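Next comes protein39.json, with JSON, C-alpha atoms.
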```
[["chain", "number", "residue", "atom", "x", "y", "z"],
["A", 1, "MET", "CA", 235.64, 35.09, 77.38],
["A", 2, "GLU", "CA", 236.51, 31.98, 79.39],
["A", 3, "CYS", "CA", 233.76, 30.44, 81.46],
["A", 4, "PRO", "CA", 233.45, 27.23, 83.45],
["A", 5, "ALA", "CA", 232.11, 24.27, 81.53],
["A", 6, "ALA", "CA", 228.38, 23.73, 81.85],
["A", 7, "ARG", "CA", 228.77, 20.77, 84.21],
["A", 8, "GLY", "CA", 230.90, 22.67, 86.71],
["A", 9, "GLY", "CA", 234.13, 20.88, 85.85],
["A", 10, "ALA", "CA", 237.58, 22.43, 85.91],
["A", 11, "GLU", "CA", 237.63, 22.73, 82.13],
["A", 12, "THR", "CA", 236.91, 26.02, 80.45],
["A", 13, "SER", "CA", 235.15, 26.90, 77.26],
["A", 14, "LEU", "CA", 235.21, 30.02, 75.13],
["A", 15, "TYR", "CA", 232.25, 31.94, 73.78],
["A", 16, "ASP", "CA", 231.40, 35.43, 72.60],
["A", 17, "VAL", "CA", 228.85, 37.27, 74.71],
["A", 18, "LEU", "CA", 226.97, 39.81, 72.61],
["A", 19, "ALA", "CA", 224.96, 42.65, 74.08],
["A", 20, "ARG", "CA", 223.20, 45.70, 72.79],
["A", 21, "ILE", "CA", 222.92, 48.96, 74.71],
["A", 22, "GLU", "CA", 220.45, 51.63, 73.60],
["A", 23, "LEU", "CA", 221.91, 55.07, 74.33],
["A", 24, "PRO", "CA", 219.79, 58.23, 74.58],
["A", 25, "LYS", "CA", 221.89, 60.30, 72.15],
["A", 26, "PRO", "CA", 225.23, 60.46, 70.32],
["A", 27, "GLY", "CA", 228.26, 61.49, 72.35],
["A", 28, "LYS", "CA", 231.07, 60.20, 74.55],
["A", 29, "TYR", "CA", 230.41, 57.36, 76.98],
["A", 30, "GLU", "CA", 232.43, 55.08, 79.24],
["A", 31, "LEU", "CA", 231.60, 51.39, 79.03],
["A", 32, "ARG", "CA", 232.50, 49.28, 82.07],
["A", 33, "LEU", "CA", 232.50, 45.51, 81.85],
["A", 34, "SER", "CA", 233.26, 42.97, 84.54],
["A", 35, "VAL", "CA", 233.27, 39.21, 84.78],
["A", 36, "HIS", "CA", 233.34, 36.76, 87.68],
["A", 37, "SER", "CA", 234.11, 33.05, 87.64],
["A", 38, "ALA", "CA", 232.17, 31.22, 90.35],
["A", 39, "ALA", "CA", 234.40, 28.17, 89.83],
["A", 40, "THR", "CA", 237.69, 29.96, 90.58],
["A", 41, "ASP", "CA", 236.41, 33.17, 92.24],
["A", 42, "ASP", "CA", 238.50, 35.13, 89.70],
["A", 43, "ARG", "CA", 237.32, 38.57, 88.68],
["A", 44, "GLY", "CA", 238.27, 40.96, 85.93],
["A", 45, "SER", "CA", 237.10, 44.25, 84.50],
["A", 46, "ILE", "CA", 237.77, 46.64, 81.67],
["A", 47, "TYR", "CA", 236.82, 50.26, 81.07],
["A", 48, "LEU", "CA", 236.43, 51.52, 77.53],
["A", 49, "ASP", "CA", 235.79, 55.00, 76.14],
["A", 50, "VAL", "CA", 233.17, 54.97, 73.40],
["A", 51, "ASP", "CA", 232.40, 57.84, 71.04],
["A", 52, "VAL", "CA", 229.02, 57.40, 69.35],
["A", 53, "PRO", "CA", 228.90, 59.56, 66.19],
["A", 54, "ASP", "CA", 225.80, 61.47, 65.19],
["A", 55, "PHE", "CA", 225.13, 59.40, 62.08],
["A", 56, "ARG", "CA", 222.09, 61.51, 61.14],
["A", 57, "ARG", "CA", 223.98, 64.82, 61.10],
["A", 58, "ALA", "CA", 227.59, 64.02, 60.18],
["A", 59, "LYS", "CA", 228.21, 64.57, 56.48],
["A", 60, "VAL", "CA", 229.89, 61.14, 56.33],
["A", 61, "SER", "CA", 230.59, 58.58, 59.06],
["A", 62, "LEU", "CA", 231.42, 54.91, 59.55],
["A", 63, "SER", "CA", 230.19, 52.38, 62.07],
["A", 64, "GLY", "CA", 232.67, 50.16, 63.84],
["A", 65, "VAL", "CA", 233.97, 47.22, 61.83],
["A", 66, "LEU", "CA", 232.61, 43.74, 62.55],
["A", 67, "LEU", "CA", 234.46, 40.59, 61.51],
["A", 68, "GLU", "CA", 232.90, 37.24, 60.68],
["A", 69, "SER", "CA", 234.99, 34.06, 60.43],
["A", 70, "ALA", "CA", 233.82, 31.00, 58.53],
["A", 71, "LEU", "CA", 236.04, 28.82, 60.74],
["A", 72, "ALA", "CA", 235.30, 30.48, 64.10],
["A", 73, "ALA", "CA", 234.27, 27.74, 66.48],
["A", 74, "THR", "CA", 233.41, 30.16, 69.27],
["A", 75, "PRO", "CA", 229.70, 29.97, 70.07],
["A", 76, "ILE", "CA", 227.69, 33.16, 70.54],
["A", 77, "SER", "CA", 225.51, 33.88, 73.53],
["A", 78, "PRO", "CA", 222.71, 34.67, 73.15],
["A", 79, "ALA", "CA", 222.42, 33.17, 69.67],
["A", 80, "GLY", "CA", 221.31, 35.72, 67.10],
["A", 81, "ALA", "CA", 221.68, 38.61, 69.56],
["A", 82, "LEU", "CA", 222.54, 41.19, 66.88],
["A", 83, "ARG", "CA", 220.76, 39.61, 63.92],
["A", 84, "ASP", "CA", 218.37, 42.57, 63.50],
["A", 85, "ILE", "CA", 221.20, 45.12, 63.15],
["A", 86, "ALA", "CA", 224.13, 43.13, 61.69],
["A", 87, "PRO", "CA", 223.74, 40.86, 58.65],
["A", 88, "ILE", "CA", 226.76, 38.79, 59.69],
["A", 89, "ARG", "CA", 227.67, 36.61, 62.70],
["A", 90, "PRO", "CA", 230.32, 38.75, 64.41],
["A", 91, "THR", "CA", 233.27, 37.26, 66.26],
["A", 92, "THR", "CA", 235.68, 38.76, 68.76],
["A", 93, "GLU", "CA", 238.42, 36.49, 67.44],
["A", 94, "ARG", "CA", 241.25, 38.41, 65.78],
["A", 95, "THR", "CA", 243.64, 35.57, 64.93],
["A", 96, "PHE", "CA", 242.89, 33.73, 61.69],
["A", 97, "THR", "CA", 244.59, 31.21, 59.40],
["A", 98, "SER", "CA", 245.32, 31.78, 55.74],
["A", 99, "GLY", "CA", 242.64, 29.17, 54.93],
["A", 100, "ASP", "CA", 239.88, 31.03, 56.78],
["A", 101, "ARG", "CA", 237.28, 33.20, 55.07],
["A", 102, "VAL", "CA", 236.89, 36.41, 57.06],
["A", 103, "VAL", "CA", 234.36, 39.06, 56.10],
["A", 104, "ALA", "CA", 234.66, 42.62, 57.39],
["A", 105, "LEU", "CA", 231.46, 44.68, 57.57],
["A", 106, "ALA", "CA", 231.11, 48.41, 58.12],
["A", 107, "ARG", "CA", 228.08, 50.64, 57.68],
["A", 108, "VAL", "CA", 228.67, 53.92, 55.83],
["A", 109, "TYR", "CA", 226.38, 56.87, 56.58],
["A", 110, "GLN", "CA", 225.68, 60.08, 54.69],
["A", 111, "GLY", "CA", 223.97, 62.30, 57.23],
["A", 112, "GLY", "CA", 222.20, 65.59, 56.79],
["A", 113, "THR", "CA", 219.73, 66.45, 54.05],
["A", 114, "ASP", "CA", 222.03, 67.04, 51.05],
["A", 115, "LYS", "CA", 221.49, 64.88, 48.01],
["A", 116, "LEU", "CA", 223.22, 61.51, 48.39],
["A", 117, "ALA", "CA", 226.63, 61.51, 46.71],
["A", 118, "THR", "CA", 228.81, 58.87, 45.11],
["A", 119, "ILE", "CA", 231.67, 58.42, 47.56],
["A", 120, "PRO", "CA", 234.94, 56.46, 47.58],
["A", 121, "LEU", "CA", 235.75, 53.82, 50.14],
["A", 122, "HIS", "CA", 239.46, 53.06, 50.50],
["A", 123, "VAL", "CA", 240.51, 49.70, 51.92],
["A", 124, "ARG", "CA", 244.11, 49.18, 53.00],
["A", 125, "ILE", "CA", 245.97, 46.44, 54.88],
["A", 126, "LEU", "CA", 249.36, 47.05, 56.48],
["A", 127, "ASP", "CA", 251.73, 44.20, 57.35],
["A", 128, "PRO", "CA", 253.73, 43.84, 60.60],
["A", 129, "LYS", "CA", 256.40, 46.24, 59.21],
["A", 130, "GLY", "CA", 253.79, 48.93, 58.49],
["A", 131, "GLU", "CA", 254.01, 48.43, 54.74],
["A", 132, "THR", "CA", 250.91, 48.37, 52.54],
["A", 133, "VAL", "CA", 250.30, 44.80, 51.35],
["A", 134, "PHE", "CA", 246.78, 45.28, 50.00],
["A", 135, "GLU", "CA", 244.88, 48.31, 48.76],
["A", 136, "LEU", "CA", 241.72, 48.99, 46.81],
["A", 137, "THR", "CA", 239.27, 51.81, 46.29],
["A", 138, "ASP", "CA", 235.61, 50.99, 45.88],
["A", 139, "THR", "CA", 232.77, 53.34, 45.00],
["A", 140, "LEU", "CA", 229.50, 53.65, 46.89],
["A", 141, "ARG", "CA", 226.84, 55.06, 44.59],
["A", 142, "PRO", "CA", 223.70, 56.75, 45.93],
["A", 143, "ASP", "CA", 221.54, 53.72, 45.04],
["A", 144, "ARG", "CA", 223.52, 51.63, 47.60],
["A", 145, "PHE", "CA", 222.14, 53.76, 50.46],
["A", 146, "ASP", "CA", 218.83, 52.86, 52.12],
["A", 147, "PRO", "CA", 216.18, 55.39, 53.23],
["A", 148, "SER", "CA", 218.07, 55.96, 56.51],
["A", 149, "ARG", "CA", 221.06, 57.08, 54.35],
["A", 150, "ALA", "CA", 223.15, 54.03, 55.34],
["A", 151, "ALA", "CA", 224.94, 51.48, 53.16],
["A", 152, "ASP", "CA", 226.56, 48.23, 54.31],
["A", 153, "TYR", "CA", 230.00, 47.51, 52.92],
["A", 154, "ARG", "CA", 231.40, 43.98, 53.02],
["A", 155, "PHE", "CA", 234.98, 43.05, 52.27],
["A", 156, "VAL", "CA", 236.62, 39.61, 52.31],
["A", 157, "LEU", "CA", 240.09, 39.79, 53.86],
["A", 158, "PRO", "CA", 242.67, 38.33, 51.42],
["A", 159, "LEU", "CA", 244.22, 36.15, 54.14],
["A", 160, "GLU", "CA", 245.75, 33.71, 51.64],
["A", 161, "LYS", "CA", 247.88, 36.59, 50.26],
["A", 162, "LEU", "CA", 249.06, 37.86, 53.65],
["A", 163, "GLY", "CA", 252.10, 36.70, 55.57],
["A", 164, "PRO", "CA", 251.95, 35.67, 59.23],
["A", 165, "GLY", "CA", 251.82, 38.29, 61.96],
["A", 166, "GLU", "CA", 249.89, 41.38, 63.00],
["A", 167, "HIS", "CA", 248.05, 43.37, 60.33],
["A", 168, "LEU", "CA", 246.00, 46.56, 60.29],
["A", 169, "LEU", "CA", 242.84, 46.87, 58.21],
["A", 170, "THR", "CA", 241.80, 50.47, 57.49],
["A", 171, "LEU", "CA", 238.54, 51.62, 55.91],
["A", 172, "GLU", "CA", 238.33, 55.30, 54.99],
["A", 173, "THR", "CA", 235.84, 57.45, 53.12],
["A", 174, "ALA", "CA", 235.28, 61.15, 52.50],
["A", 175, "ILE", "CA", 232.83, 63.72, 51.21],
["A", 176, "GLY", "CA", 234.77, 66.85, 50.33],
["A", 177, "LYS", "CA", 237.09, 67.57, 53.26],
["A", 178, "VAL", "CA", 235.06, 65.53, 55.75],
["A", 179, "THR", "CA", 236.58, 62.08, 56.31],
["A", 180, "ALA", "CA", 235.67, 59.00, 58.33],
["A", 181, "ARG", "CA", 238.06, 56.18, 59.17],
["A", 182, "ARG", "CA", 238.00, 52.88, 61.09],
["A", 183, "ASP", "CA", 240.91, 50.57, 61.90],
["A", 184, "VAL", "CA", 240.92, 46.93, 63.00],
["A", 185, "GLN", "CA", 243.96, 44.92, 64.02],
["A", 186, "PHE", "CA", 244.05, 41.23, 63.25],
["A", 187, "ARG", "CA", 246.65, 38.47, 63.18],
["A", 188, "VAL", "CA", 247.35, 35.83, 60.57],
["A", 189, "GLY", "CA", 248.61, 32.64, 62.20],
["A", 190, "ARG", "CA", 250.75, 30.03, 60.54]]
```

Could you render the structure from this file as structure tokens?
Amino acid sequence: MECPAARGGAETSLYDVLARIELPKPGKYELRLSVHSAATDDRGSIYLDVDVPDFRRAKVSLSGVLLESALAATPISPAGALRDIAPIRPTTERTFTSGDRVVALARVYQGGTDKLATIPLHVRILDPKGETVFELTDTLRPDRFDPSRAADYRFVLPLEKLGPGEHLLTLETAIGKVTARRDVQFRVGR
């Protein structure tokens, strides 16, 4: 997000604005965001469809994927806004250099009341041509899940092994025939 500099000058600065919305129940929602620059009287808005899974009931589900960049210079406002629910400092930046250290975080849920199972978590990265350039399968054992039946999964993107351009990170897991998948696009700069 671009905002006027603190002293009202013509310069702009970038920062991530983090917010948390408590919703009454799982389901489909429409999120509407707008911004206004008092300095330039510019306005903008975006509408976004959001599907909140029922993490407590779904046999297996995944949260959205957060990314944390060691080199991200973008300040967060308010500082520590999501600290109680995300153990990383998320960024909205999606362009990184091969020298950056980027951590992806997703929360895996096993809902219902069945005994917790050992489940696979597949991680795949596609290059700009749609070809797989990185792949691994990890295992989440029952002891990784907390009393709420959730387990955090962290993965360091192998940026130093990826060529420049757009990439797609996919996390996918399954219990039996029930699958959950999340995708995140990111770019590796030169």

Restricting the calculation to only C-alpha atoms: of A:Lys129, A:Lys161, A:Arg20, A:Lys59, which residue gets closest to Asp100 (chain A)? A:Lys161

Rounded to one decimal in Å, what is the spacing between CA of His167 (chain A) and CA of Ile21 (chain A)?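 A separation of 29.5 Å between them.
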
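As for CA of Leu18 (chain A) and CA of Gly111 (chain A), they are spaced 27.4 Å apart.
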
Selected residue, from A:Ser34, A:Ser69, A:Thr95, A:Thr139, that lies nearest to Thr118 (chain A) when counting only C-alpha atoms: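 Ranked by minimum distance to Thr118 (chain A), first place goes to A:Thr139.
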
Name the residues, using the chain letters and numbers of the file, that sit within 9 Å of (232.8, 59.5, 71.3) when counting all atoms listed in the file, and give them as a VMD selection string. chain A and resid 26 to 29 49 to 53

Counting all atoms listed in the file, what is within 6 Å of His122 (chain A), bar same-chain residues fewer than 6 positions away, as a PyMOL selection string? chain A and resi 136-137+171-172

Would you export the selected residues with C-alpha atoms as a PDB file, in the coordinates of the input, please?
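Done, and the output landed in out.pdb:
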```
ATOM      1  CA  LEU A 136     241.720  48.990  46.810  1.00  0.00           C
ATOM      2  CA  THR A 137     239.270  51.810  46.290  1.00  0.00           C
ATOM      3  CA  LEU A 171     238.540  51.620  55.910  1.00  0.00           C
ATOM      4  CA  GLU A 172     238.330  55.300  54.990  1.00  0.00           C
TER       5      GLU A 172
END
```

In Å, with one decimal, what is the gap from CA of Tyr153 (chain A) to CA of Arg187 (chain A)?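 So the answer is 21.5 Å.
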
Counting only C-alpha atoms, which residue out of A:Arg94, A:Arg124, A:Arg101, A:Arg149 sits closest to Arg182 (chain A)?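 Checking each candidate against Arg182 (chain A), we get A:Arg124 as the closest.
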
Which of these, A:Phe96, A:Tyr47, A:Phe186, A:Phe145, has the shortest distance to Glu160 (chain A) once you count only C-alpha atoms?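 Checking each candidate against Glu160 (chain A), we get A:Phe96 as the closest.
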